[in-house]
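Visitor: First, the structure itself, so that you have it in front of you.
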Amino acid sequence: MRTEYTEPDRVRAAVDLRHAVLVGLDLGEVDLRVPMDGALFLGCTLSPQVQRRAAAAGALVFPTIPDVPYDVYRSRLYTPAELFAGFDLGRPASYADTPDAAIYRHSRAQGHNPDPLHAIAERLHDHAITEALADALPERPVAVMGGHALARDTDGYRRAVRLGAALGDAGFTVLTGGGPGVMEAVPLGVRIGVDEPTLKELATAPRFGGDAESIGRWIAACPTDLPTGDRPRTIGIPTWFYGHEPPNPACELHAKYFANSVREEGLLTVATGGIIYTPGSAGTVQEVFQDYCQNHYGSVGPAAPMVFLGRDFWVDEVPAAPLVRRLAAGREAERWILVTDDTDEAVAFLRGYAA
(Lines give C-alpha, C1' and ligand atoms only; values in the text may rest on other atoms or scores of the structure.)
Protein backbone atom coordinates (compact mmCIF):
# COMPACT_ATOMS: atom_id res chain seq x y z
CA MET A 1 0.00 0.00 0.00
CA ARG A 2 1.57 3.27 -1.12
CA THR A 3 1.27 6.49 0.82
CA GLU A 4 0.98 9.68 -1.25
CA TYR A 5 2.58 12.92 -0.10
CA THR A 6 1.59 16.27 -1.58
CA GLU A 7 2.64 18.52 1.35
CA PRO A 8 6.31 19.20 2.27
CA ASP A 9 5.60 19.23 6.01
CA ARG A 10 4.41 15.65 5.92
CA VAL A 11 7.63 14.62 4.20
CA ARG A 12 9.75 16.42 6.78
CA ALA A 13 7.93 14.54 9.53
CA ALA A 14 8.15 11.16 7.81
CA VAL A 15 10.41 8.49 9.26
CA ASP A 16 9.98 6.04 6.40
CA LEU A 17 9.34 6.81 2.71
CA ARG A 18 9.61 3.27 1.40
CA HIS A 19 7.17 2.79 -1.48
CA ALA A 20 5.74 6.27 -0.93
CA VAL A 21 4.60 8.51 -3.79
CA LEU A 22 5.66 12.17 -3.57
CA VAL A 23 4.00 14.56 -6.00
CA GLY A 24 5.10 18.05 -7.08
CA LEU A 25 7.06 18.94 -3.94
CA ASP A 26 9.92 21.40 -3.59
CA LEU A 27 12.27 19.44 -1.35
CA GLY A 28 15.46 21.19 -2.43
CA GLU A 29 16.16 22.33 1.13
CA VAL A 30 15.04 19.11 2.82
CA ASP A 31 17.87 16.75 3.75
CA LEU A 32 16.07 13.43 3.52
CA ARG A 33 17.83 10.73 5.52
CA VAL A 34 15.07 8.14 5.74
CA PRO A 35 14.51 4.83 3.94
CA MET A 36 13.37 5.51 0.38
CA ASP A 37 13.37 2.02 -1.12
CA GLY A 38 10.83 1.86 -3.96
CA ALA A 39 9.72 5.46 -3.49
CA LEU A 40 8.36 7.38 -6.47
CA PHE A 41 9.16 11.10 -6.85
CA LEU A 42 6.90 12.76 -9.44
CA GLY A 43 7.89 16.28 -10.46
CA CYS A 44 9.71 16.97 -7.20
CA THR A 45 12.72 19.25 -6.67
CA LEU A 46 15.50 17.40 -4.83
CA SER A 47 18.99 18.41 -3.83
CA PRO A 48 21.83 16.54 -5.60
CA GLN A 49 22.63 14.66 -2.39
CA VAL A 50 19.05 13.47 -1.97
CA GLN A 51 18.87 12.49 -5.63
CA ARG A 52 21.93 10.28 -5.15
CA ARG A 53 20.44 8.71 -2.01
CA ALA A 54 17.16 8.10 -3.80
CA ALA A 55 18.93 6.43 -6.73
CA ALA A 56 21.00 4.27 -4.38
CA ALA A 57 17.79 3.17 -2.62
CA GLY A 58 16.15 2.17 -5.92
CA ALA A 59 13.66 5.04 -5.86
CA LEU A 60 12.39 6.42 -9.16
CA VAL A 61 12.64 10.14 -9.81
CA PHE A 62 10.49 11.58 -12.60
CA PRO A 63 11.53 15.19 -13.19
CA THR A 64 9.32 18.14 -14.04
CA ILE A 65 8.64 18.15 -17.77
CA PRO A 66 9.42 21.62 -19.15
CA ASP A 67 7.51 23.77 -21.61
CA VAL A 68 4.05 22.26 -21.17
CA PRO A 69 1.11 24.47 -20.06
CA TYR A 70 -0.26 21.95 -17.56
CA ASP A 71 0.78 20.13 -14.41
CA VAL A 72 1.83 16.68 -15.52
CA TYR A 73 1.62 15.22 -12.02
CA ARG A 74 -1.40 17.06 -10.60
CA SER A 75 -3.04 15.26 -7.69
CA ARG A 76 -6.57 16.69 -7.91
CA LEU A 77 -9.33 17.28 -10.42
CA TYR A 78 -9.82 20.62 -12.13
CA THR A 79 -12.33 23.23 -11.03
CA PRO A 80 -14.02 25.51 -13.56
CA ALA A 81 -12.21 28.41 -11.86
CA GLU A 82 -8.85 26.78 -12.66
CA LEU A 83 -9.70 25.98 -16.26
CA PHE A 84 -11.13 29.45 -16.89
CA ALA A 85 -8.54 31.42 -14.88
CA GLY A 86 -7.99 34.82 -16.50
CA PHE A 87 -11.40 34.87 -18.14
CA ASP A 88 -12.95 38.35 -18.02
CA LEU A 89 -16.75 38.39 -18.09
CA GLY A 90 -16.59 41.80 -19.75
CA ARG A 91 -14.32 40.51 -22.52
CA PRO A 92 -15.71 37.22 -23.85
CA ALA A 93 -12.76 36.79 -26.21
CA SER A 94 -10.50 36.51 -23.17
CA TYR A 95 -11.43 32.81 -23.10
CA ALA A 96 -8.46 32.46 -25.46
CA ASP A 97 -6.19 33.46 -22.55
CA THR A 98 -7.43 30.76 -20.17
CA PRO A 99 -5.49 27.61 -19.25
CA ASP A 100 -8.21 25.49 -20.88
CA ALA A 101 -7.71 27.19 -24.24
CA ALA A 102 -3.92 27.26 -23.93
CA ILE A 103 -3.73 23.54 -23.16
CA TYR A 104 -5.98 22.77 -26.12
CA ARG A 105 -3.79 24.80 -28.48
CA HIS A 106 -0.69 23.05 -27.14
CA SER A 107 -2.29 19.63 -27.55
CA ARG A 108 -3.37 20.37 -31.11
CA ALA A 109 0.13 21.52 -31.96
CA GLN A 110 1.44 18.08 -30.93
CA GLY A 111 -1.04 16.29 -33.20
CA HIS A 112 -2.51 12.82 -32.75
CA ASN A 113 0.95 11.25 -32.61
CA PRO A 114 3.02 13.52 -30.35
CA ASP A 115 6.74 13.12 -29.95
CA PRO A 116 7.84 10.80 -27.11
CA LEU A 117 8.33 13.61 -24.58
CA HIS A 118 4.86 15.05 -25.03
CA ALA A 119 3.28 11.60 -25.33
CA ILE A 120 4.76 10.67 -21.94
CA ALA A 121 3.64 13.99 -20.45
CA GLU A 122 0.05 13.54 -21.63
CA ARG A 123 -0.15 9.96 -20.43
CA LEU A 124 1.28 10.76 -17.03
CA HIS A 125 -1.23 13.61 -16.73
CA ASP A 126 -4.14 11.33 -17.68
CA HIS A 127 -3.03 8.69 -15.18
CA ALA A 128 -2.90 11.35 -12.46
CA ILE A 129 -6.42 12.47 -13.39
CA THR A 130 -7.70 8.89 -13.17
CA GLU A 131 -6.19 8.58 -9.69
CA ALA A 132 -7.73 11.89 -8.62
CA LEU A 133 -11.12 10.88 -10.02
CA ALA A 134 -11.08 7.64 -8.04
CA ASP A 135 -10.37 9.63 -4.87
CA ALA A 136 -13.27 12.01 -5.56
CA LEU A 137 -15.99 9.45 -6.29
CA PRO A 138 -18.42 7.99 -3.76
CA GLU A 139 -19.86 4.51 -4.12
CA ARG A 140 -22.10 3.95 -7.12
CA PRO A 141 -22.19 7.30 -8.91
CA VAL A 142 -24.52 7.49 -11.89
CA ALA A 143 -23.83 8.97 -15.31
CA VAL A 144 -26.04 10.67 -17.88
CA MET A 145 -25.17 10.53 -21.57
CA GLY A 146 -26.73 12.52 -24.38
CA GLY A 147 -26.33 15.00 -27.19
CA HIS A 148 -23.73 17.75 -27.02
CA ALA A 149 -25.58 19.85 -29.61
CA LEU A 150 -28.65 20.46 -27.44
CA ALA A 151 -29.08 24.24 -27.19
CA ARG A 152 -29.91 25.97 -23.93
CA ASP A 153 -33.16 27.45 -25.25
CA THR A 154 -34.75 24.11 -26.20
CA ASP A 155 -37.34 21.93 -24.52
CA GLY A 156 -34.82 19.09 -24.52
CA TYR A 157 -32.39 21.16 -22.44
CA ARG A 158 -35.13 21.93 -19.93
CA ARG A 159 -36.03 18.23 -19.71
CA ALA A 160 -32.39 17.42 -19.01
CA VAL A 161 -32.35 20.05 -16.25
CA ARG A 162 -35.43 18.39 -14.72
CA LEU A 163 -33.69 15.02 -14.90
CA GLY A 164 -30.70 16.48 -13.07
CA ALA A 165 -32.97 17.96 -10.42
CA ALA A 166 -34.60 14.55 -9.84
CA LEU A 167 -31.21 12.84 -9.55
CA GLY A 168 -30.05 15.54 -7.16
CA ASP A 169 -33.15 15.15 -5.00
CA ALA A 170 -32.45 11.41 -4.87
CA GLY A 171 -28.97 12.09 -3.52
CA PHE A 172 -26.92 10.79 -6.44
CA THR A 173 -23.47 11.97 -7.45
CA VAL A 174 -23.85 12.56 -11.18
CA LEU A 175 -21.23 12.22 -13.90
CA THR A 176 -21.45 13.60 -17.43
CA GLY A 177 -19.05 14.12 -20.30
CA GLY A 178 -18.45 17.64 -19.01
CA GLY A 179 -19.28 19.51 -22.21
CA PRO A 180 -22.33 21.37 -23.56
CA GLY A 181 -25.91 20.20 -24.13
CA VAL A 182 -27.16 17.42 -21.88
CA MET A 183 -23.73 17.31 -20.27
CA GLU A 184 -24.32 20.81 -18.88
CA ALA A 185 -28.07 20.74 -18.30
CA VAL A 186 -28.04 17.71 -15.99
CA PRO A 187 -25.43 18.96 -13.49
CA LEU A 188 -27.12 22.35 -13.52
CA GLY A 189 -30.33 20.65 -12.42
CA VAL A 190 -28.49 18.66 -9.75
CA ARG A 191 -27.12 21.85 -8.23
CA ILE A 192 -30.01 24.32 -8.44
CA GLY A 193 -33.06 22.49 -9.73
CA VAL A 194 -35.26 24.10 -12.39
CA ASP A 195 -34.39 27.74 -11.71
CA GLU A 196 -36.26 29.96 -14.16
CA PRO A 197 -34.06 33.10 -13.90
CA THR A 198 -30.95 31.00 -14.56
CA LEU A 199 -32.53 29.23 -17.53
CA LYS A 200 -33.60 32.60 -18.96
CA GLU A 201 -30.05 33.95 -18.63
CA LEU A 202 -28.56 30.82 -20.20
CA ALA A 203 -30.93 31.17 -23.16
CA THR A 204 -29.26 34.48 -24.08
CA ALA A 205 -26.25 32.39 -25.21
CA PRO A 206 -27.95 29.18 -26.38
CA ARG A 207 -24.93 27.76 -28.18
CA PHE A 208 -21.39 28.74 -29.17
CA GLY A 209 -19.41 28.93 -32.38
CA GLY A 210 -15.82 28.17 -33.14
CA ASP A 211 -14.26 31.42 -31.95
CA ALA A 212 -13.11 32.48 -28.49
CA GLU A 213 -15.61 35.32 -28.19
CA SER A 214 -18.59 33.06 -28.88
CA ILE A 215 -17.32 30.50 -26.38
CA GLY A 216 -16.73 33.28 -23.87
CA ARG A 217 -20.31 34.52 -24.16
CA TRP A 218 -21.53 30.96 -23.62
CA ILE A 219 -19.41 30.60 -20.47
CA ALA A 220 -20.35 34.04 -19.14
CA ALA A 221 -24.10 33.27 -19.30
CA CYS A 222 -23.73 30.54 -16.67
CA PRO A 223 -23.74 31.81 -13.07
CA THR A 224 -20.48 31.46 -11.13
CA ASP A 225 -22.12 31.25 -7.69
CA LEU A 226 -23.76 27.84 -8.01
CA PRO A 227 -24.08 26.12 -4.62
CA THR A 228 -21.47 23.56 -3.60
CA GLY A 229 -21.85 21.00 -0.83
CA ASP A 230 -19.31 19.29 1.39
CA ARG A 231 -18.74 16.63 -1.26
CA PRO A 232 -18.89 17.24 -5.01
CA ARG A 233 -22.02 15.80 -6.56
CA THR A 234 -21.44 16.85 -10.17
CA ILE A 235 -18.28 15.77 -11.98
CA GLY A 236 -17.59 16.30 -15.65
CA ILE A 237 -15.24 14.07 -17.62
CA PRO A 238 -14.34 16.06 -20.76
CA THR A 239 -11.35 15.85 -23.10
CA TRP A 240 -9.02 18.19 -24.95
CA PHE A 241 -9.47 15.88 -27.93
CA TYR A 242 -12.73 17.79 -28.34
CA GLY A 243 -11.20 21.00 -27.05
CA HIS A 244 -13.27 23.13 -29.41
CA GLU A 245 -16.06 22.33 -26.93
CA PRO A 246 -15.22 23.97 -23.60
CA PRO A 247 -15.95 22.23 -20.31
CA ASN A 248 -19.18 23.46 -18.83
CA PRO A 249 -19.19 25.71 -15.75
CA ALA A 250 -22.07 23.77 -14.13
CA CYS A 251 -19.93 20.83 -12.97
CA GLU A 252 -18.19 21.29 -9.65
CA LEU A 253 -15.12 19.36 -10.81
CA HIS A 254 -13.71 18.19 -14.13
CA ALA A 255 -11.57 15.14 -14.80
CA LYS A 256 -10.22 16.45 -18.08
CA TYR A 257 -8.15 14.11 -20.24
CA PHE A 258 -6.00 14.29 -23.34
CA ALA A 259 -6.84 10.77 -24.56
CA ASN A 260 -10.50 10.52 -25.52
CA SER A 261 -10.42 6.72 -25.51
CA VAL A 262 -9.21 6.70 -21.89
CA ARG A 263 -11.82 9.30 -20.98
CA GLU A 264 -14.73 7.40 -22.55
CA GLU A 265 -13.77 4.01 -21.16
CA GLY A 266 -13.12 5.58 -17.77
CA LEU A 267 -16.47 7.36 -17.61
CA LEU A 268 -18.40 4.20 -18.45
CA THR A 269 -16.35 2.15 -16.01
CA VAL A 270 -16.67 4.41 -12.96
CA ALA A 271 -20.44 4.89 -13.37
CA THR A 272 -21.07 1.84 -11.19
CA GLY A 273 -24.52 3.09 -10.16
CA GLY A 274 -25.81 2.97 -13.72
CA ILE A 275 -26.14 5.17 -16.78
CA ILE A 276 -29.12 7.06 -18.20
CA TYR A 277 -29.05 7.48 -21.96
CA THR A 278 -30.93 10.48 -23.32
CA PRO A 279 -31.29 11.02 -27.09
CA GLY A 280 -28.00 11.68 -28.82
CA SER A 281 -26.07 11.00 -31.98
CA ALA A 282 -23.27 8.61 -32.95
CA GLY A 283 -21.18 9.28 -29.84
CA THR A 284 -24.03 8.40 -27.50
CA VAL A 285 -24.83 5.24 -29.48
CA GLN A 286 -21.18 4.22 -29.27
CA GLU A 287 -21.31 4.68 -25.50
CA VAL A 288 -24.43 2.50 -25.27
CA PHE A 289 -22.69 -0.51 -26.79
CA GLN A 290 -19.37 0.13 -25.10
CA ASP A 291 -21.24 0.15 -21.79
CA TYR A 292 -23.26 -2.92 -22.63
CA CYS A 293 -20.09 -4.81 -23.61
CA GLN A 294 -18.80 -4.26 -20.06
CA ASN A 295 -22.12 -5.50 -18.65
CA HIS A 296 -22.30 -8.45 -21.05
CA TYR A 297 -18.91 -9.87 -20.10
CA GLY A 298 -18.74 -8.57 -16.53
CA SER A 299 -15.31 -7.18 -17.33
CA VAL A 300 -15.45 -4.41 -14.72
CA GLY A 301 -17.79 -5.90 -12.15
CA PRO A 302 -21.50 -6.69 -11.91
CA ALA A 303 -23.88 -5.45 -14.59
CA ALA A 304 -25.05 -1.91 -13.80
CA PRO A 305 -28.35 -0.33 -14.89
CA MET A 306 -28.81 0.96 -18.42
CA VAL A 307 -31.76 3.34 -18.65
CA PHE A 308 -32.97 4.47 -22.08
CA LEU A 309 -34.90 7.68 -21.45
CA GLY A 310 -37.04 8.44 -24.51
CA ARG A 311 -38.91 5.38 -25.76
CA ASP A 312 -39.67 6.58 -29.30
CA PHE A 313 -36.07 7.61 -29.87
CA TRP A 314 -34.40 4.48 -28.49
CA VAL A 315 -36.96 1.96 -29.84
CA ASP A 316 -37.95 3.41 -33.22
CA GLU A 317 -35.70 6.26 -34.32
CA VAL A 318 -32.39 4.79 -33.17
CA PRO A 319 -33.33 1.24 -32.10
CA ALA A 320 -30.42 0.57 -29.79
CA ALA A 321 -32.58 -0.52 -26.83
CA PRO A 322 -34.16 -3.57 -28.54
CA LEU A 323 -30.75 -4.79 -29.67
CA VAL A 324 -29.27 -4.40 -26.19
CA ARG A 325 -32.22 -6.27 -24.72
CA ARG A 326 -31.80 -9.07 -27.22
CA LEU A 327 -28.10 -9.40 -26.43
CA ALA A 328 -28.88 -9.41 -22.71
CA ALA A 329 -31.58 -12.11 -22.86
CA GLY A 330 -30.94 -14.71 -20.16
CA ARG A 331 -28.05 -12.79 -18.60
CA GLU A 332 -27.80 -10.89 -15.32
CA ALA A 333 -27.70 -7.64 -17.29
CA GLU A 334 -31.25 -8.24 -18.60
CA ARG A 335 -32.97 -7.25 -15.36
CA TRP A 336 -31.08 -3.94 -15.26
CA ILE A 337 -32.28 -2.55 -18.58
CA LEU A 338 -35.15 -0.05 -18.59
CA VAL A 339 -36.79 1.82 -21.47
CA THR A 340 -39.04 4.64 -20.31
CA ASP A 341 -40.35 8.16 -20.89
CA ASP A 342 -40.79 8.75 -17.17
CA THR A 343 -37.99 10.55 -15.34
CA ASP A 344 -39.29 9.47 -11.95
CA GLU A 345 -39.36 5.83 -13.04
CA ALA A 346 -35.77 6.12 -14.28
CA VAL A 347 -34.57 7.56 -10.98
CA ALA A 348 -36.51 4.98 -8.95
CA PHE A 349 -34.91 2.21 -11.03
CA LEU A 350 -31.44 3.50 -10.18
CA ARG A 351 -32.36 3.80 -6.52
CA GLY A 352 -33.50 0.19 -6.53
CA TYR A 353 -30.09 -0.89 -7.77
CA ALA A 354 -28.31 1.23 -5.16
CA ALA A 355 -30.42 -0.14 -2.30
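Just so we're on the same page: first chain in the C-alpha coordinates is A, next is B, and so on; residues restart at 1 for each chain, and ligands are numbered from 1 in the order they show up.
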I need the strand (DSSP E or B) residues of stretch 107-218 of chain A per DSSP on the backbone, written as an mmCIF file with N, CA, C and O atoms, in the first residue's frame.

Guide:
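Done, and the output landed in states-v8.cif:
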```cif
data_model
loop_
_atom_site.group_PDB
_atom_site.id
_atom_site.type_symbol
_atom_site.label_atom_id
_atom_site.label_comp_id
_atom_site.auth_asym_id
_atom_site.auth_seq_id
_atom_site.Cartn_x
_atom_site.Cartn_y
_atom_site.Cartn_z
ATOM 1 N N VAL A 142 -23.802 7.763 -10.654
ATOM 2 C CA VAL A 142 -24.523 7.493 -11.895
ATOM 3 C C VAL A 142 -24.062 8.488 -12.954
ATOM 4 O O VAL A 142 -23.568 9.577 -12.643
ATOM 5 N N ALA A 143 -24.209 8.101 -14.198
ATOM 6 C CA ALA A 143 -23.835 8.966 -15.310
ATOM 7 C C ALA A 143 -25.042 9.214 -16.197
ATOM 8 O O ALA A 143 -25.967 8.396 -16.253
ATOM 9 N N VAL A 144 -25.013 10.346 -16.879
ATOM 10 C CA VAL A 144 -26.039 10.666 -17.876
ATOM 11 C C VAL A 144 -25.329 10.981 -19.183
ATOM 12 O O VAL A 144 -24.416 11.813 -19.222
ATOM 13 N N MET A 145 -25.729 10.313 -20.237
ATOM 14 C CA MET A 145 -25.170 10.527 -21.569
ATOM 15 C C MET A 145 -26.234 11.150 -22.463
ATOM 16 O O MET A 145 -27.434 10.906 -22.285
ATOM 17 N N VAL A 174 -23.540 12.718 -9.765
ATOM 18 C CA VAL A 174 -23.849 12.564 -11.184
ATOM 19 C C VAL A 174 -22.634 12.920 -12.036
ATOM 20 O O VAL A 174 -22.017 13.975 -11.864
ATOM 21 N N LEU A 175 -22.319 12.030 -12.963
ATOM 22 C CA LEU A 175 -21.225 12.217 -13.904
ATOM 23 C C LEU A 175 -21.796 12.502 -15.286
ATOM 24 O O LEU A 175 -22.814 11.926 -15.677
ATOM 25 N N THR A 176 -21.135 13.388 -16.018
ATOM 26 C CA THR A 176 -21.453 13.596 -17.434
ATOM 27 C C THR A 176 -20.135 13.750 -18.187
ATOM 28 O O THR A 176 -19.057 13.740 -17.589
#
```

Visitor: Wanna dump the stretch 225-333 of chain A-stretch 349-353 of chain A contacts at 12 Å for me, each residue with its shortest atom pair and the distance in Å to one decimal, counting only C-alpha atoms, ordered by chain and number, as CSV?

Guide:
```
residue,atom,partner,partner_atom,distance
A:Ala271,CA,A:Leu350,CA,11.5
A:Thr272,CA,A:Tyr353,CA,10.0
A:Gly273,CA,A:Leu350,CA,6.9
A:Gly274,CA,A:Leu350,CA,6.7
A:Ile275,CA,A:Leu350,CA,8.6
A:Ile276,CA,A:Leu350,CA,9.1
A:Pro302,CA,A:Tyr353,CA,11.2
A:Ala303,CA,A:Tyr353,CA,10.3
A:Ala304,CA,A:Tyr353,CA,7.9
A:Pro305,CA,A:Leu350,CA,6.8
A:Met306,CA,A:Leu350,CA,9.0
A:Val307,CA,A:Phe349,CA,8.3
A:Phe308,CA,A:Phe349,CA,11.4
A:Leu309,CA,A:Phe349,CA,11.8
A:Ala333,CA,A:Tyr353,CA,11.9
```

Visitor: Considering only C-alpha atoms, state which residue in the set A:Glu131, A:Asp97, A:Asp230, A:Glu122 is at the smallest distance from A:Glu213.

Guide: A:Asp97

Visitor: Counting only C-alpha atoms, figure out which residue out of A:Leu22, A:Leu199, A:Ala329, A:Ala149 gets nearest to A:Met36.

Guide: A:Leu22

Visitor: Just checking: using only C-alpha atoms, which residue out of A:Pro80, A:Pro116, A:Pro138, A:Pro99 ends up closest to A:Pro249?

Guide: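 When distances to A:Pro249 are compared using only C-alpha atoms, the smallest one comes from A:Pro80.
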